[in-house]
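Asks: Handing you this structure, nothing more for now.
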Amino acid sequence: MTDTADPFFEAYHRDEIAYGETPAPGVQSIIDLSRPTDSGPLRALDLGAGAGRDSIALAKAGYTVTAVDLSEMGLERINQRASAAGVGPMVSTQAEDVRNFQFETESYDAVIATTVLDHIPAADAIIVWQKIVRSLTGHGLLAVEVHSSEDPGSDLPPGCNSEAPKSETASAVVNYFQPNQLAQWASESAANLRILRYEERLEWDYTHGPEHLHGKVSLLAIRQGNSPQWYGQPSLFPRRKR
Ligand SMILES: C[S@@+](CC[C@H](N)C(=O)[O-])C[C@H]1O[C@@H](n2cnc3c(N)ncnc32)[C@H](O)[C@@H]1O
C-alpha cells in the first residue's frame, strides 16, 4: 500500500515499523534527567513524532505528550502503540505541519525534534527553532537531531560526493545542517540554552529499508541557569556503588 502524499506512509505501515522502539539518545537522556514535580505531570512536545518511539518512551516515563506529525499513518501507529503500552491517555496526537503548530510559551518541560527541522526549508527551520526555545519552561530540556551535510543524501559536500547507500526516505530531507550550525543556534544568547551534549557523527541505520549511512547532528540542552545531576551518557564516571 502507498500514499503518494506521505513519503513515510510505507515505512510506518509495514509490520516492522520504521525507526524501531528505542528512543533517540537525547530523549533517553531527558528521561534519565527528569524528576517528578509537585505541580502535576511533566509535559512534552514531540515534533515530527513519526511512529512514536520518542513519544511512547516519554509517556512511559510519566510525561503527558503532544505528538505532532504530518503523517496520518505515523499518528495512527502512535495511538496503537500508546494503547498497547497502557499509556494511551498520556499521548495526544495532532496531524499538523510543525510550521503551523501553535506553540505555548514557556509550557513544555521537554521538547523533542528528532529529524524534523531538516525536513523543512532552512528559512522555516530557524523560525520553528525560535518557537521551540520560547516554548520551554524555566527548567525545560531540549533534544534535537538533524541530518548533516555529511549524509549521503545531502545536496552539499561532502555528502553529495559520498557513494555510501542513502536512506529510502532521503528525498524528504530538504535542509542538511552544516558543521557547527546547530551548536551556533543553541549558543546564541536569545536561545537562553545551556548545551549538555552536542555531537556530529556518521552512523549506520538498520531500522528501515536497506541499511544505509547517515550524517547526523544531535543536541541535548537545558534552559540556561539549571544544574541538573548530569554525569554524561554513558555515565563514564558516576559515583561508585558502596
Ligand atoms: C525521519 S522521520 C523521524 C520520525 C521520528 N521523530 C523518529 O525519530 O522516529 C521525520 C518525520 O517528520 C515528519 N515531518 C516532516 N515534515 C514535517 C512537517 N513540516 N511537519 C510535521 N511533521 C513533519 C515526517 O512525517 C516524519 O514522520
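Within each chain, counting starts at residue 1; across the C-alpha cells, chains are named A, B, ... in the order shown, with ligands numbered 1 upward in that order.
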Run DSSP on the backbone and tell me which residues of range 59-176 of chain A come out as alpha helix (DSSP H); list them as JSON, numbers by chain.

Replies: {"A": [59, 60, 72, 73, 74, 75, 76, 77, 78, 79, 80, 81, 82, 83, 84, 122, 123, 124, 125, 126, 127, 128, 129, 130, 131, 132, 133, 134, 135]}

Asks: For the interface of chain A with ligand 1 (cut-off 6 Å, counting only C-alpha atoms and all ligand atoms), please tabulate each contacting residue of chain A alongside its nearest pair of atoms and their separation in Å to one decimal, rows sorted by chain and increasing number, as CSV.

Replies:
residue,atom,partner,partner_atom_place_in_ligand_line,distance
A:Phe8,CA,ligand 1,25 (O),5.9
A:Tyr19,CA,ligand 1,9 (O),5.1
A:Gly48,CA,ligand 1,12 (O),3.8
A:Ala49,CA,ligand 1,6 (N),4.2
A:Gly50,CA,ligand 1,27 (O),3.4
A:Arg53,CA,ligand 1,9 (O),5.5
A:Asp69,CA,ligand 1,22 (N),3.7
A:Leu70,CA,ligand 1,22 (N),4.4
A:Ser71,CA,ligand 1,25 (O),4.5
A:Glu96,CA,ligand 1,21 (C),5.7
A:Asp97,CA,ligand 1,20 (N),3.4
A:Val98,CA,ligand 1,20 (N),4.0
A:Thr114,CA,ligand 1,6 (N),4.3
A:Thr115,CA,ligand 1,1 (C),5.2
A:Val116,CA,ligand 1,12 (O),4.7
A:His119,CA,ligand 1,16 (N),4.8
A:Ile120,CA,ligand 1,19 (N),5.7

Asks: Which residues of range 152-218 of chain A come within 10 Å of range 225-235 of chain A, and what is each one's closest atom pair and distance in Å (one decimal), counting only C-alpha atoms, sorted by chain and residue number, as CSV?

Replies:
residue,atom,partner,partner_atom,distance
A:Asn192,CA,A:Gly225,CA,8.7
A:Leu193,CA,A:Gly225,CA,8.3
A:Arg194,CA,A:Gly225,CA,7.6
A:Leu196,CA,A:Trp230,CA,8.2
A:Arg197,CA,A:Gly232,CA,8.1

Asks: Determine, for each residue of range 17-41 of chain A having at least one atom at most 12 Å from an atom of range 216-223 of chain A, the closest pair of atoms and their separation in Å to one decimal, counting only C-alpha atoms; order by chain and ascending number, as a Markdown table.

Replies:
| residue | atom | partner | partner_atom | distance |
| --- | --- | --- | --- | --- |
| A:Ala24 | CA | A:Ser218 | CA | 9.4 |
| A:Pro25 | CA | A:Ser218 | CA | 8.7 |
| A:Gly26 | CA | A:Leu220 | CA | 5.7 |
| A:Val27 | CA | A:Leu220 | CA | 8.5 |
| A:Gln28 | CA | A:Leu220 | CA | 10.4 |
| A:Ser29 | CA | A:Leu220 | CA | 8.1 |
| A:Ile30 | CA | A:Leu220 | CA | 8.2 |
| A:Ile31 | CA | A:Leu220 | CA | 11.9 |
| A:Leu33 | CA | A:Ile222 | CA | 10.3 |
| A:Ser34 | CA | A:Ile222 | CA | 11.3 |

Asks: I want to know what sits within 7 Å of Thr93 in chain A, based on only C-alpha atoms, with residues of the same chain fewer than 2 positions away left out; could you give that as number ranges by chain?

Replies: A: 66-68, 75, 91, 95

Asks: Can you work out the spacing between CA of Ala85 in chain A and CA of Phe9 in chain A in Å, to one decimal?

Replies: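 So the answer is 22.3 Å.
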
Asks: Set the distance at 8 Å and use only C-alpha atoms: which residues neighbour Phe103 in chain A once local chain neighbours fewer than 3 positions away are removed? I'd like the list as an MDAnalysis selection string.

Replies: chainID A and resid 131:132 135

Asks: With only C-alpha atoms as the atoms that count, which of A:Asn100, A:Ser107, A:Asn180, A:Gln94 lies nearest to Leu141 in chain A?

Replies: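 Of the candidates, the smallest distance to Leu141 in chain A is held by A:Ser107.
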
Asks: In Å to one decimal, how far is CA of Pro158 in chain A from CA of His208 in chain A?

Replies: 23.8 Å

Asks: With a distance cut-off of 8 Å and only C-alpha atoms, select the neighbouring residues of Gly52 in chain A, excluding the residue or stretch itself and same-chain residues fewer than 5 positions from it, and output the selection as a ChimeraX atom specification.

Replies: /A:21,67,74-75,77-78,81

Asks: Go ahead and dump the residues you just picked, all heavy atoms, as a PDB file, in the first residue's frame.

Replies:
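So the final result, stored in part30.pdb, reads:
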ATOM      1  N   GLU A  21      11.732   0.938  18.285  1.00  0.00           N
ATOM      2  CA  GLU A  21      11.083   1.380  19.530  1.00  0.00           C
ATOM      3  C   GLU A  21      12.036   2.096  20.475  1.00  0.00           C
ATOM      4  O   GLU A  21      11.595   2.697  21.448  1.00  0.00           O
ATOM      5  CB  GLU A  21      10.474   0.165  20.242  1.00  0.00           C
ATOM      6  CG  GLU A  21       9.371  -0.467  19.425  1.00  0.00           C
ATOM      7  CD  GLU A  21       8.604  -1.517  20.204  1.00  0.00           C
ATOM      8  OE1 GLU A  21       8.732  -1.582  21.434  1.00  0.00           O
ATOM      9  OE2 GLU A  21       7.888  -2.294  19.552  1.00  0.00           O
ATOM     10  N   ALA A  67       2.084  14.799  20.398  1.00  0.00           N
ATOM     11  CA  ALA A  67       2.867  14.286  19.270  1.00  0.00           C
ATOM     12  C   ALA A  67       2.327  14.906  17.983  1.00  0.00           C
ATOM     13  O   ALA A  67       1.156  14.738  17.648  1.00  0.00           O
ATOM     14  CB  ALA A  67       2.764  12.763  19.205  1.00  0.00           C
ATOM     15  N   GLY A  74       1.688   7.541  10.609  1.00  0.00           N
ATOM     16  CA  GLY A  74       2.545   7.604  11.794  1.00  0.00           C
ATOM     17  C   GLY A  74       1.726   7.837  13.054  1.00  0.00           C
ATOM     18  O   GLY A  74       1.900   7.157  14.072  1.00  0.00           O
ATOM     19  N   LEU A  75       0.782   8.776  12.977  1.00  0.00           N
ATOM     20  CA  LEU A  75      -0.030   9.102  14.162  1.00  0.00           C
ATOM     21  C   LEU A  75      -0.922   7.926  14.549  1.00  0.00           C
ATOM     22  O   LEU A  75      -1.140   7.669  15.753  1.00  0.00           O
ATOM     23  CB  LEU A  75      -0.856  10.366  13.898  1.00  0.00           C
ATOM     24  CG  LEU A  75      -0.008  11.630  13.621  1.00  0.00           C
ATOM     25  CD1 LEU A  75      -0.910  12.822  13.311  1.00  0.00           C
ATOM     26  CD2 LEU A  75       0.907  11.971  14.798  1.00  0.00           C
ATOM     27  N   ARG A  77      -0.105   4.819  14.160  1.00  0.00           N
ATOM     28  CA  ARG A  77       0.817   3.905  14.847  1.00  0.00           C
ATOM     29  C   ARG A  77       1.065   4.365  16.290  1.00  0.00           C
ATOM     30  O   ARG A  77       1.155   3.550  17.205  1.00  0.00           O
ATOM     31  CB  ARG A  77       2.150   3.838  14.099  1.00  0.00           C
ATOM     32  CG  ARG A  77       2.081   3.097  12.794  1.00  0.00           C
ATOM     33  CD  ARG A  77       1.563   1.705  13.009  1.00  0.00           C
ATOM     34  NE  ARG A  77       2.079   0.784  12.024  1.00  0.00           N
ATOM     35  CZ  ARG A  77       1.797  -0.509  11.997  1.00  0.00           C
ATOM     36  NH1 ARG A  77       0.988  -1.020  12.898  1.00  0.00           N
ATOM     37  NH2 ARG A  77       2.294  -1.294  11.088  1.00  0.00           N
ATOM     38  N   ILE A  78       1.214   5.672  16.468  1.00  0.00           N
ATOM     39  CA  ILE A  78       1.449   6.181  17.829  1.00  0.00           C
ATOM     40  C   ILE A  78       0.267   5.821  18.719  1.00  0.00           C
ATOM     41  O   ILE A  78       0.440   5.330  19.855  1.00  0.00           O
ATOM     42  CB  ILE A  78       1.669   7.715  17.818  1.00  0.00           C
ATOM     43  CG1 ILE A  78       2.968   8.048  17.094  1.00  0.00           C
ATOM     44  CG2 ILE A  78       1.682   8.256  19.245  1.00  0.00           C
ATOM     45  CD1 ILE A  78       3.275   9.534  17.014  1.00  0.00           C
ATOM     46  N   ARG A  81       0.353   2.100  19.457  1.00  0.00           N
ATOM     47  CA  ARG A  81       1.446   1.722  20.356  1.00  0.00           C
ATOM     48  C   ARG A  81       1.214   2.254  21.771  1.00  0.00           C
ATOM     49  O   ARG A  81       1.541   1.584  22.754  1.00  0.00           O
ATOM     50  CB  ARG A  81       2.767   2.288  19.828  1.00  0.00           C
ATOM     51  CG  ARG A  81       3.324   1.531  18.652  1.00  0.00           C
ATOM     52  CD  ARG A  81       4.495   2.287  18.066  1.00  0.00           C
ATOM     53  NE  ARG A  81       5.532   1.412  17.572  1.00  0.00           N
ATOM     54  CZ  ARG A  81       6.681   1.841  17.034  1.00  0.00           C
ATOM     55  NH1 ARG A  81       6.919   3.131  16.935  1.00  0.00           N
ATOM     56  NH2 ARG A  81       7.579   0.992  16.611  1.00  0.00           N
TER      57      ARG A  81
END

Asks: What's around Val133 in chain A at 12 Å? Count only C-alpha atoms, leave out sequence neighbours fewer than 3 positions away in its own chain, and write the answer as a PyMOL selection string.

Replies: chain A and resi 45+103-113+126-130+136-144+185-194+221-224

Asks: DSSP on the backbone, then: every residue of range 89-194 of chain A marked strand (DSSP E or B), written as an MDAnalysis selection string.

Replies: chainID A and resid 91:95 108:114 136:148 177 193:194

Asks: Near Glu211 in chain A, within 9 Å and counting only C-alpha atoms, which residues show up once chain neighbours fewer than 3 positions away are dropped, as a PyMOL selection string?

Replies: chain A and resi 165-167+204-208

Asks: Could you turn the residues from that selection into a file that holds N, CA and C atoms, as a tab-separated table (two decimals), in the first residue's frame?

Replies:
chain	number	residue	atom	x	y	z
A	165	PRO	N	25.37	4.03	0.70
A	165	PRO	CA	23.92	3.98	0.44
A	165	PRO	C	23.16	5.01	1.27
A	166	LYS	N	22.13	5.59	0.62
A	166	LYS	CA	21.33	6.59	1.35
A	166	LYS	C	19.97	6.02	1.71
A	167	SER	N	19.30	6.71	2.61
A	167	SER	CA	18.02	6.25	3.16
A	167	SER	C	16.93	6.19	2.09
A	204	TRP	N	25.29	4.10	10.91
A	204	TRP	CA	24.53	3.22	10.01
A	204	TRP	C	23.15	3.01	10.59
A	205	ASP	N	22.16	2.96	9.70
A	205	ASP	CA	20.77	2.81	10.10
A	205	ASP	C	20.25	1.47	9.57
A	206	TYR	N	19.84	0.61	10.50
A	206	TYR	CA	19.29	-0.71	10.13
A	206	TYR	C	17.80	-0.78	10.45
A	207	THR	N	17.19	0.35	10.82
A	207	THR	CA	15.82	0.29	11.34
A	207	THR	C	14.75	0.33	10.26
A	208	HIS	N	15.12	0.63	9.03
A	208	HIS	CA	14.11	0.66	7.96
A	208	HIS	C	14.78	0.58	6.60

Asks: Please compute the CA of Asn79 in chain A-CA of Asp32 in chain A distance, one decimal, in Å.

Replies: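 Taking CA of Asn79 in chain A and CA of Asp32 in chain A, their separation equals 24.0 Å.
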
Asks: Compare A:Leu213, A:Val146, A:Ala5, A:Val65 by their minimum atom-to-atom distance to Ala125 in chain A, counting only C-alpha atoms, and give me the closest one.

Replies: A:Val146

Asks: Find the residue from A:Ala57, A:Val174, A:Leu236, A:Leu202 that sits nearest to Leu156 in chain A; use only C-alpha atoms when measuring.

Replies: A:Val174

Asks: Tell me which of A:Gly86, A:Gly209, A:Gly215, A:Pro23 sits closest to Pro152 in chain A, counting only C-alpha atoms.

Replies: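 Closest residue, counting only C-alpha atoms: A:Gly215.
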